[in-house]
file final.csv (CSV, C-alpha atoms)
chain,number,residue,atom,x,y,z
E,20,MET,CA,-11.4,-19.1,-58.7
E,21,LEU,CA,-12.2,-17.1,-55.6
E,22,TYR,CA,-9.3,-18.6,-53.7
E,23,LEU,CA,-6.8,-17.4,-56.4
E,24,TYR,CA,-8.2,-13.9,-56.3
E,25,PRO,CA,-5.5,-11.8,-54.5
E,26,ARG,CA,-7.9,-9.7,-52.4
E,27,PHE,CA,-9.8,-12.8,-51.3
E,28,PHE,CA,-6.5,-14.4,-50.2
E,29,ALA,CA,-5.4,-11.2,-48.4
E,30,HIS,CA,-8.7,-11.0,-46.5
E,31,ALA,CA,-8.2,-14.5,-45.2
E,32,HIS,CA,-5.5,-13.2,-42.9
E,33,TYR,CA,-7.4,-10.2,-41.3
E,34,ASN,CA,-11.1,-10.3,-42.1
E,35,ILE,CA,-12.4,-13.8,-41.7
E,36,LYS,CA,-16.0,-12.8,-41.5
E,37,ASP,CA,-16.1,-11.8,-45.1
E,38,LEU,CA,-14.7,-15.2,-46.1
E,39,MET,CA,-17.2,-17.0,-44.0
E,40,PHE,CA,-20.0,-15.0,-45.6
E,41,THR,CA,-18.7,-15.7,-49.1
E,42,ALA,CA,-18.6,-19.4,-48.4
E,43,LEU,CA,-22.1,-19.5,-46.9
E,44,PHE,CA,-23.4,-17.2,-49.7
E,45,THR,CA,-22.1,-19.6,-52.3
E,46,ILE,CA,-23.6,-22.6,-50.5
E,47,THR,CA,-26.9,-20.8,-50.2
E,48,LEU,CA,-27.0,-20.0,-53.9
E,49,PHE,CA,-26.3,-23.6,-54.6
E,50,ALA,CA,-29.1,-24.7,-52.3
E,51,MET,CA,-31.4,-22.2,-53.9
E,52,VAL,CA,-30.7,-23.6,-57.4
E,53,LEU,CA,-31.3,-27.1,-56.2
E,54,PHE,CA,-34.6,-26.0,-54.5
E,55,LEU,CA,-35.8,-24.4,-57.7
E,56,LYS,CA,-34.5,-27.0,-60.1
E,57,TYR,CA,-36.0,-30.0,-58.4
E,58,LYS,CA,-39.6,-28.7,-58.3
E,59,ARG,CA,-39.4,-27.1,-54.9
E,60,LYS,CA,-39.3,-30.2,-52.7
E,61,TRP,CA,-39.9,-29.3,-49.1
E,62,TRP,CA,-36.7,-30.8,-47.8
E,63,LEU,CA,-34.6,-28.9,-50.2
E,64,GLY,CA,-36.5,-25.8,-49.1
E,65,LEU,CA,-35.5,-26.5,-45.5
E,66,ILE,CA,-31.9,-26.9,-46.6
E,67,PHE,CA,-32.1,-23.6,-48.5
E,68,ALA,CA,-33.7,-21.9,-45.5
E,69,PHE,CA,-31.0,-23.2,-43.2
E,70,PHE,CA,-28.1,-21.9,-45.3
E,71,THR,CA,-29.9,-18.6,-45.9
E,72,ALA,CA,-30.3,-18.2,-42.2
E,73,LEU,CA,-26.6,-19.0,-41.7
E,74,SER,CA,-25.5,-16.5,-44.3
E,75,THR,CA,-27.8,-13.8,-43.0
E,76,ASN,CA,-26.4,-14.4,-39.5
E,77,SER,CA,-23.0,-13.8,-40.9
E,78,ARG,CA,-23.9,-10.7,-42.9
E,79,VAL,CA,-27.4,-9.3,-43.0
E,80,ILE,CA,-27.3,-8.9,-46.8
E,81,GLY,CA,-27.6,-12.7,-46.9
E,82,VAL,CA,-31.4,-12.2,-46.6
E,83,MET,CA,-31.4,-10.9,-50.2
E,84,VAL,CA,-30.9,-14.5,-51.4
E,85,LEU,CA,-34.3,-15.4,-49.8
E,86,CYS,CA,-35.8,-12.3,-51.4
E,87,GLY,CA,-34.4,-13.2,-54.8
E,88,CYS,CA,-35.6,-16.8,-54.5
E,89,LEU,CA,-39.1,-15.7,-53.6
E,90,CYS,CA,-39.1,-13.3,-56.6
E,91,LEU,CA,-38.0,-16.1,-58.9
E,92,MET,CA,-40.7,-18.4,-57.5
E,93,LEU,CA,-43.3,-15.7,-58.0
E,94,LEU,CA,-42.2,-15.1,-61.6
E,95,GLU,CA,-42.3,-18.8,-62.3
E,96,ASP,CA,-45.8,-19.0,-60.9
E,97,ILE,CA,-47.0,-16.0,-62.8
E,98,ALA,CA,-45.5,-17.4,-66.0
E,99,ALA,CA,-47.2,-20.8,-65.4
E,100,TRP,CA,-50.6,-19.0,-64.7
E,101,LEU,CA,-50.3,-16.9,-67.8
E,102,SER,CA,-49.4,-19.9,-69.9
E,103,ALA,CA,-52.5,-21.8,-68.6
E,104,ARG,CA,-54.6,-18.7,-69.1
E,105,ARG,CA,-53.4,-18.4,-72.7
E,106,GLN,CA,-54.5,-22.0,-73.2
E,107,LYS,CA,-57.9,-21.1,-71.6
E,108,ASN,CA,-57.5,-23.9,-69.2
E,109,ILE,CA,-57.3,-22.0,-65.9
E,110,GLY,CA,-59.2,-24.6,-63.9
E,111,ALA,CA,-56.7,-27.4,-64.7
E,112,LEU,CA,-53.4,-25.7,-63.9
E,113,ASP,CA,-51.4,-28.8,-64.4
E,114,TYR,CA,-48.0,-27.4,-64.9
E,115,SER,CA,-45.6,-29.8,-63.1
E,116,LEU,CA,-46.2,-28.3,-59.7
E,117,THR,CA,-49.5,-28.4,-57.9
E,118,LEU,CA,-50.9,-25.3,-56.3
E,119,ARG,CA,-50.5,-26.9,-52.9
E,120,ARG,CA,-46.8,-27.6,-53.5
E,121,ARG,CA,-46.3,-24.1,-54.8
E,122,LEU,CA,-47.9,-22.5,-51.7
E,123,LEU,CA,-46.0,-25.0,-49.5
E,124,SER,CA,-42.7,-23.9,-51.0
E,125,TYR,CA,-43.3,-20.3,-50.0
E,126,VAL,CA,-44.2,-21.3,-46.5
E,127,VAL,CA,-41.2,-23.6,-46.1
E,128,ALA,CA,-38.8,-21.0,-47.4
E,129,ILE,CA,-40.1,-18.2,-45.3
E,130,VAL,CA,-41.0,-20.0,-42.1
E,131,GLY,CA,-38.0,-22.2,-42.3
E,132,PHE,CA,-35.7,-19.2,-42.7
E,133,VAL,CA,-37.3,-17.4,-39.7
E,134,ALA,CA,-37.2,-20.4,-37.5
E,135,PHE,CA,-33.6,-21.2,-38.3
E,136,TYR,CA,-32.5,-17.6,-38.0
E,137,ILE,CA,-34.1,-17.3,-34.6
E,138,PHE,CA,-32.6,-20.6,-33.5
E,139,ILE,CA,-29.0,-19.7,-34.5
E,140,THR,CA,-29.2,-16.0,-33.4
E,141,PRO,CA,-29.4,-15.9,-29.6
E,142,ALA,CA,-30.0,-12.1,-29.6
E,143,THR,CA,-33.4,-12.7,-31.2
E,144,TRP,CA,-34.7,-15.1,-28.6
E,145,SER,CA,-36.2,-12.4,-26.4
E,146,ASP,CA,-37.8,-10.3,-29.2
E,147,PRO,CA,-37.1,-11.6,-32.7
E,148,ILE,CA,-39.0,-9.0,-34.7
E,149,ARG,CA,-37.5,-6.0,-32.9
E,150,VAL,CA,-34.0,-7.4,-33.2
E,151,PHE,CA,-34.3,-8.2,-36.9
E,152,ILE,CA,-35.7,-4.7,-37.7
E,153,ASP,CA,-33.0,-3.1,-35.6
E,154,THR,CA,-30.3,-5.1,-37.4
E,155,LEU,CA,-31.7,-4.2,-40.8
E,156,SER,CA,-32.0,-0.5,-39.9
E,157,ARG,CA,-28.5,-0.4,-38.4
E,158,PHE,CA,-26.8,-2.0,-41.4
E,159,SER,CA,-28.9,-0.3,-44.1
E,160,SER,CA,-27.3,3.0,-43.1
E,161,TYR,CA,-24.0,1.7,-41.9
E,162,ASP,CA,-21.5,4.4,-43.0
E,163,SER,CA,-18.9,4.9,-40.3
E,164,TRP,CA,-15.9,5.7,-42.6
E,165,ALA,CA,-15.1,9.4,-42.7
E,166,GLY,CA,-11.4,9.3,-43.6
E,167,THR,CA,-9.5,10.1,-46.7
E,168,MET,CA,-7.7,7.9,-49.3
E,169,GLN,CA,-5.3,8.3,-52.0
E,170,PHE,CA,-6.7,8.0,-55.5
E,171,MET,CA,-4.8,8.9,-58.7
E,172,GLY,CA,-2.1,10.8,-56.7
E,173,GLU,CA,-4.6,12.9,-54.7
E,174,MET,CA,-6.0,12.6,-51.2
E,175,ILE,CA,-9.8,12.5,-51.5
E,176,ARG,CA,-12.7,12.1,-49.2
E,177,LYS,CA,-15.7,9.9,-49.9
E,178,PRO,CA,-18.0,12.6,-51.2
E,179,GLN,CA,-15.3,13.6,-53.7
E,180,MET,CA,-14.9,10.2,-55.3
E,181,PRO,CA,-15.3,10.4,-59.0
E,182,TRP,CA,-17.6,8.2,-61.0
E,183,TYR,CA,-14.7,6.2,-62.4
E,184,PHE,CA,-13.4,5.2,-59.0
E,185,LEU,CA,-14.8,1.6,-59.2
E,186,PRO,CA,-13.7,0.8,-62.8
E,187,VAL,CA,-10.1,2.1,-62.0
E,188,TRP,CA,-10.1,0.1,-58.7
E,189,TRP,CA,-11.1,-3.0,-60.6
E,190,LEU,CA,-8.4,-2.6,-63.2
E,191,PHE,CA,-5.7,-2.3,-60.6
E,192,THR,CA,-6.9,-5.0,-58.2
E,193,VAL,CA,-8.3,-7.8,-60.3
E,194,PRO,CA,-5.7,-9.9,-62.1
E,195,PHE,CA,-5.5,-9.4,-65.8
E,196,ILE,CA,-6.4,-13.0,-66.7
E,197,TYR,CA,-9.7,-12.6,-64.7
E,198,LEU,CA,-10.5,-9.4,-66.6
E,199,ALA,CA,-9.7,-11.1,-69.9
E,200,LEU,CA,-11.9,-14.1,-69.1
E,201,MET,CA,-14.7,-11.8,-67.9
E,202,VAL,CA,-14.6,-9.9,-71.2
E,203,VAL,CA,-14.6,-13.2,-73.2
E,204,GLY,CA,-17.5,-14.4,-71.1
E,205,ILE,CA,-16.0,-17.5,-69.5
call {"tool": "encode", "arguments": {"input": "final.csv", "output": "structure tokens"}}
result
Amino acid sequence: MLYLYPRFFAHAHYNIKDLMFTALFTITLFAMVLFLKYKRKWWLGLIFAFFTALSTNSRVIGVMVLCGCLCLMLLEDIAAWLSARRQKNIGALDYSLTLRRRLLSYVVAIVGFVAFYIFITPATWSDPIRVFIDTLSRFSSYDSWAGTMQFMGEMIRKPQMPWYFLPVWWLFTVPFIYLALMVVGI
């Protein structure tokens, strides 16, 4: 479905980094689903950490998959704890994953990500923490475009963009069949 999207196809010719990130991001999401679905097995956690590091290396926003996975894990753990508490059986938290495996899953995801990220990013070899913080700070305020663009027959600057810019842009750039399927919920 992504391949048939006109913008995606156009970017394949002049902006290959976005295509690489999209592919890695999709694989990372799949690895995350496997990791969470199959009771956080450590080897699936390492696969997830590896692909998260690859997607983060491609685009720094890839680290958000790790953050999302950690949040989902935490929510699952809190729900299991509350369920055991409701049953007044806190000491015997036997809810399909042992406490040891739960803690190990956090360690594998975080330490695995950091290790893989440092390994595949040569810039981090001298000072990993400083380089990662510099990368996050640089791209969190990355706003180098100061030009104008034509929108609805007028030349406008970025601060003048109306609230309806994105919906109009979507209507004109996303094929009708995709919009119809999105409305139907397929």
call {"tool": "residues_around", "arguments": {"input": "final.csv", "residues": "range 23-29 of chain E", "least_positions_apart": "5", "cutoff": "12 Å", "atoms": "all atoms listed in the file", "output": "list of chain:residue names"}}
result
E:Asn34, E:Ile35, E:Lys36, E:Asp37, E:Leu38, E:Met39, E:Phe40, E:Thr41, E:Ala42, E:Trp188, E:Trp189, E:Phe191, E:Thr192, E:Val193, E:Pro194, E:Phe195, E:Ile196, E:Tyr197, E:Leu198
call {"tool": "atom_distance", "arguments": {"input": "final.csv", "atom1": "CA of Trp144 in chain E", "atom2": "CA of Leu73 in chain E"}}
result
15.9 Å
call {"tool": "closest_residue", "arguments": {"input": "final.csv", "among": "E:Phe69, E:Met201, E:Met168, E:His30", "to": "Leu43 in chain E", "atoms": "only C-alpha atoms"}}
result
E:Phe69
call {"tool": "closest_atom_pairs", "arguments": {"input": "final.csv", "of": "range 72-135 of chain E", "to": "range 54-57 of chain E", "cutoff": "12 Å", "atoms": "only C-alpha atoms", "output": "Markdown table"}}
result
| residue | atom | partner | partner_atom | distance |
| --- | --- | --- | --- | --- |
| E:Leu85 | CA | E:Phe54 | CA | 11.6 |
| E:Gly87 | CA | E:Leu55 | CA | 11.7 |
| E:Cys88 | CA | E:Leu55 | CA | 8.2 |
| E:Leu89 | CA | E:Leu55 | CA | 10.2 |
| E:Cys90 | CA | E:Leu55 | CA | 11.6 |
| E:Leu91 | CA | E:Leu55 | CA | 8.7 |
| E:Met92 | CA | E:Leu55 | CA | 7.7 |
| E:Leu93 | CA | E:Leu55 | CA | 11.5 |
| E:Leu94 | CA | E:Leu55 | CA | 11.9 |
| E:Glu95 | CA | E:Leu55 | CA | 9.7 |
| E:Asp96 | CA | E:Leu55 | CA | 11.8 |
| E:Ser115 | CA | E:Tyr57 | CA | 10.7 |
| E:Leu116 | CA | E:Tyr57 | CA | 10.4 |
| E:Arg121 | CA | E:Leu55 | CA | 10.9 |
| E:Ser124 | CA | E:Phe54 | CA | 9.1 |
| E:Tyr125 | CA | E:Phe54 | CA | 11.3 |
| E:Val127 | CA | E:Phe54 | CA | 10.9 |
| E:Ala128 | CA | E:Phe54 | CA | 9.6 |
call {"tool": "atom_distance", "arguments": {"input": "final.csv", "atom1": "CA of Lys177 in chain E", "atom2": "CA of Ser160 in chain E"}}
result
15.1 Å
call {"tool": "residues_around", "arguments": {"input": "final.csv", "residues": "Gly81 in chain E", "least_positions_apart": "4", "cutoff": "8 Å", "atoms": "all atoms listed in the file", "output": "PDB file with C-alpha atoms, in the coordinates of the input"}}
result
ATOM      1  CA  PHE E  44     -23.400 -17.200 -49.700  1.00  0.00           C
ATOM      2  CA  THR E  71     -29.900 -18.600 -45.900  1.00  0.00           C
ATOM      3  CA  ALA E  72     -30.300 -18.200 -42.200  1.00  0.00           C
ATOM      4  CA  SER E  74     -25.500 -16.500 -44.300  1.00  0.00           C
ATOM      5  CA  THR E  75     -27.800 -13.800 -43.000  1.00  0.00           C
ATOM      6  CA  ASN E  76     -26.400 -14.400 -39.500  1.00  0.00           C
ATOM      7  CA  SER E  77     -23.000 -13.800 -40.900  1.00  0.00           C
ATOM      8  CA  LEU E  85     -34.300 -15.400 -49.800  1.00  0.00           C
TER       9      LEU E  85
END
call {"tool": "closest_residue", "arguments": {"input": "final.csv", "among": "E:Ile129, E:Ile80, E:Leu155, E:Ala99", "to": "Ala68 in chain E", "atoms": "only C-alpha atoms"}}
result
E:Ile129
call {"tool": "closest_residue", "arguments": {"input": "final.csv", "among": "E:Leu63, E:Met171, E:Ile152, E:Leu53", "to": "Gly131 in chain E", "atoms": "only C-alpha atoms"}}
result
E:Leu63
call {"tool": "residues_around", "arguments": {"input": "final.csv", "residues": "Thr143 in chain E", "least_positions_apart": "3", "cutoff": "12 Å", "atoms": "all atoms listed in the file", "output": "PDB file with C-alpha atoms, in the coordinates of the input"}}
result
ATOM      1  CA  ASN E  76     -26.400 -14.400 -39.500  1.00  0.00           C
ATOM      2  CA  VAL E 133     -37.300 -17.400 -39.700  1.00  0.00           C
ATOM      3  CA  ALA E 134     -37.200 -20.400 -37.500  1.00  0.00           C
ATOM      4  CA  PHE E 135     -33.600 -21.200 -38.300  1.00  0.00           C
ATOM      5  CA  TYR E 136     -32.500 -17.600 -38.000  1.00  0.00           C
ATOM      6  CA  ILE E 137     -34.100 -17.300 -34.600  1.00  0.00           C
ATOM      7  CA  PHE E 138     -32.600 -20.600 -33.500  1.00  0.00           C
ATOM      8  CA  ILE E 139     -29.000 -19.700 -34.500  1.00  0.00           C
ATOM      9  CA  THR E 140     -29.200 -16.000 -33.400  1.00  0.00           C
ATOM     10  CA  ASP E 146     -37.800 -10.300 -29.200  1.00  0.00           C
ATOM     11  CA  PRO E 147     -37.100 -11.600 -32.700  1.00  0.00           C
ATOM     12  CA  ILE E 148     -39.000  -9.000 -34.700  1.00  0.00           C
ATOM     13  CA  ARG E 149     -37.500  -6.000 -32.900  1.00  0.00           C
ATOM     14  CA  VAL E 150     -34.000  -7.400 -33.200  1.00  0.00           C
ATOM     15  CA  PHE E 151     -34.300  -8.200 -36.900  1.00  0.00           C
ATOM     16  CA  ILE E 152     -35.700  -4.700 -37.700  1.00  0.00           C
ATOM     17  CA  ASP E 153     -33.000  -3.100 -35.600  1.00  0.00           C
ATOM     18  CA  THR E 154     -30.300  -5.100 -37.400  1.00  0.00           C
TER      19      THR E 154
END
call {"tool": "atom_distance", "arguments": {"input": "final.csv", "atom1": "CA of Ser145 in chain E", "atom2": "CA of Arg157 in chain E"}}
result
18.6 Å
call {"tool": "residues_around", "arguments": {"input": "final.csv", "residues": "Gln169 in chain E", "least_positions_apart": "4", "cutoff": "12 Å", "atoms": "all atoms listed in the file", "output": "PyMOL selection string"}}
result
chain E and resi 173-177+179-180+184+188
call {"tool": "build_atoms", "arguments": {"input": "final.csv", "residues": "range 84-100 of chain E", "atoms": "N, CA and C atoms", "output": "PDB file, in the coordinates of the input"}}
result
ATOM      1  N   VAL E  84     -30.796 -13.259 -50.648  1.00  0.00           N
ATOM      2  CA  VAL E  84     -30.900 -14.500 -51.400  1.00  0.00           C
ATOM      3  C   VAL E  84     -32.349 -15.037 -51.247  1.00  0.00           C
ATOM      4  N   LEU E  85     -32.887 -14.949 -50.033  1.00  0.00           N
ATOM      5  CA  LEU E  85     -34.300 -15.400 -49.800  1.00  0.00           C
ATOM      6  C   LEU E  85     -35.217 -14.505 -50.645  1.00  0.00           C
ATOM      7  N   CYS E  86     -34.995 -13.195 -50.628  1.00  0.00           N
ATOM      8  CA  CYS E  86     -35.800 -12.300 -51.400  1.00  0.00           C
ATOM      9  C   CYS E  86     -35.744 -12.617 -52.908  1.00  0.00           C
ATOM     10  N   GLY E  87     -34.548 -12.874 -53.387  1.00  0.00           N
ATOM     11  CA  GLY E  87     -34.400 -13.200 -54.800  1.00  0.00           C
ATOM     12  C   GLY E  87     -35.043 -14.533 -55.142  1.00  0.00           C
ATOM     13  N   CYS E  88     -34.936 -15.515 -54.247  1.00  0.00           N
ATOM     14  CA  CYS E  88     -35.600 -16.800 -54.500  1.00  0.00           C
ATOM     15  C   CYS E  88     -37.096 -16.653 -54.523  1.00  0.00           C
ATOM     16  N   LEU E  89     -37.649 -15.884 -53.597  1.00  0.00           N
ATOM     17  CA  LEU E  89     -39.100 -15.700 -53.600  1.00  0.00           C
ATOM     18  C   LEU E  89     -39.553 -14.952 -54.855  1.00  0.00           C
ATOM     19  N   CYS E  90     -38.762 -14.006 -55.328  1.00  0.00           N
ATOM     20  CA  CYS E  90     -39.100 -13.300 -56.600  1.00  0.00           C
ATOM     21  C   CYS E  90     -39.067 -14.282 -57.766  1.00  0.00           C
ATOM     22  N   LEU E  91     -38.052 -15.131 -57.829  1.00  0.00           N
ATOM     23  CA  LEU E  91     -38.000 -16.100 -58.900  1.00  0.00           C
ATOM     24  C   LEU E  91     -39.146 -17.088 -58.861  1.00  0.00           C
ATOM     25  N   MET E  92     -39.518 -17.512 -57.659  1.00  0.00           N
ATOM     26  CA  MET E  92     -40.700 -18.400 -57.500  1.00  0.00           C
ATOM     27  C   MET E  92     -41.936 -17.727 -57.983  1.00  0.00           C
ATOM     28  N   LEU E  93     -42.100 -16.473 -57.597  1.00  0.00           N
ATOM     29  CA  LEU E  93     -43.300 -15.700 -58.000  1.00  0.00           C
ATOM     30  C   LEU E  93     -43.342 -15.536 -59.506  1.00  0.00           C
ATOM     31  N   LEU E  94     -42.212 -15.207 -60.109  1.00  0.00           N
ATOM     32  CA  LEU E  94     -42.200 -15.100 -61.600  1.00  0.00           C
ATOM     33  C   LEU E  94     -42.500 -16.375 -62.266  1.00  0.00           C
ATOM     34  N   GLU E  95     -41.981 -17.479 -61.745  1.00  0.00           N
ATOM     35  CA  GLU E  95     -42.300 -18.800 -62.300  1.00  0.00           C
ATOM     36  C   GLU E  95     -43.777 -19.095 -62.203  1.00  0.00           C
ATOM     37  N   ASP E  96     -44.361 -18.771 -61.058  1.00  0.00           N
ATOM     38  CA  ASP E  96     -45.800 -19.000 -60.900  1.00  0.00           C
ATOM     39  C   ASP E  96     -46.651 -18.159 -61.762  1.00  0.00           C
ATOM     40  N   ILE E  97     -46.274 -16.909 -61.921  1.00  0.00           N
ATOM     41  CA  ILE E  97     -47.000 -16.000 -62.800  1.00  0.00           C
ATOM     42  C   ILE E  97     -46.919 -16.492 -64.254  1.00  0.00           C
ATOM     43  N   ALA E  98     -45.720 -16.893 -64.667  1.00  0.00           N
ATOM     44  CA  ALA E  98     -45.500 -17.400 -66.000  1.00  0.00           C
ATOM     45  C   ALA E  98     -46.380 -18.649 -66.269  1.00  0.00           C
ATOM     46  N   ALA E  99     -46.442 -19.552 -65.298  1.00  0.00           N
ATOM     47  CA  ALA E  99     -47.200 -20.800 -65.400  1.00  0.00           C
ATOM     48  C   ALA E  99     -48.736 -20.418 -65.503  1.00  0.00           C
ATOM     49  N   TRP E 100     -49.152 -19.461 -64.676  1.00  0.00           N
ATOM     50  CA  TRP E 100     -50.600 -19.000 -64.700  1.00  0.00           C
ATOM     51  C   TRP E 100     -50.922 -18.399 -66.014  1.00  0.00           C
TER      52      TRP E 100
END
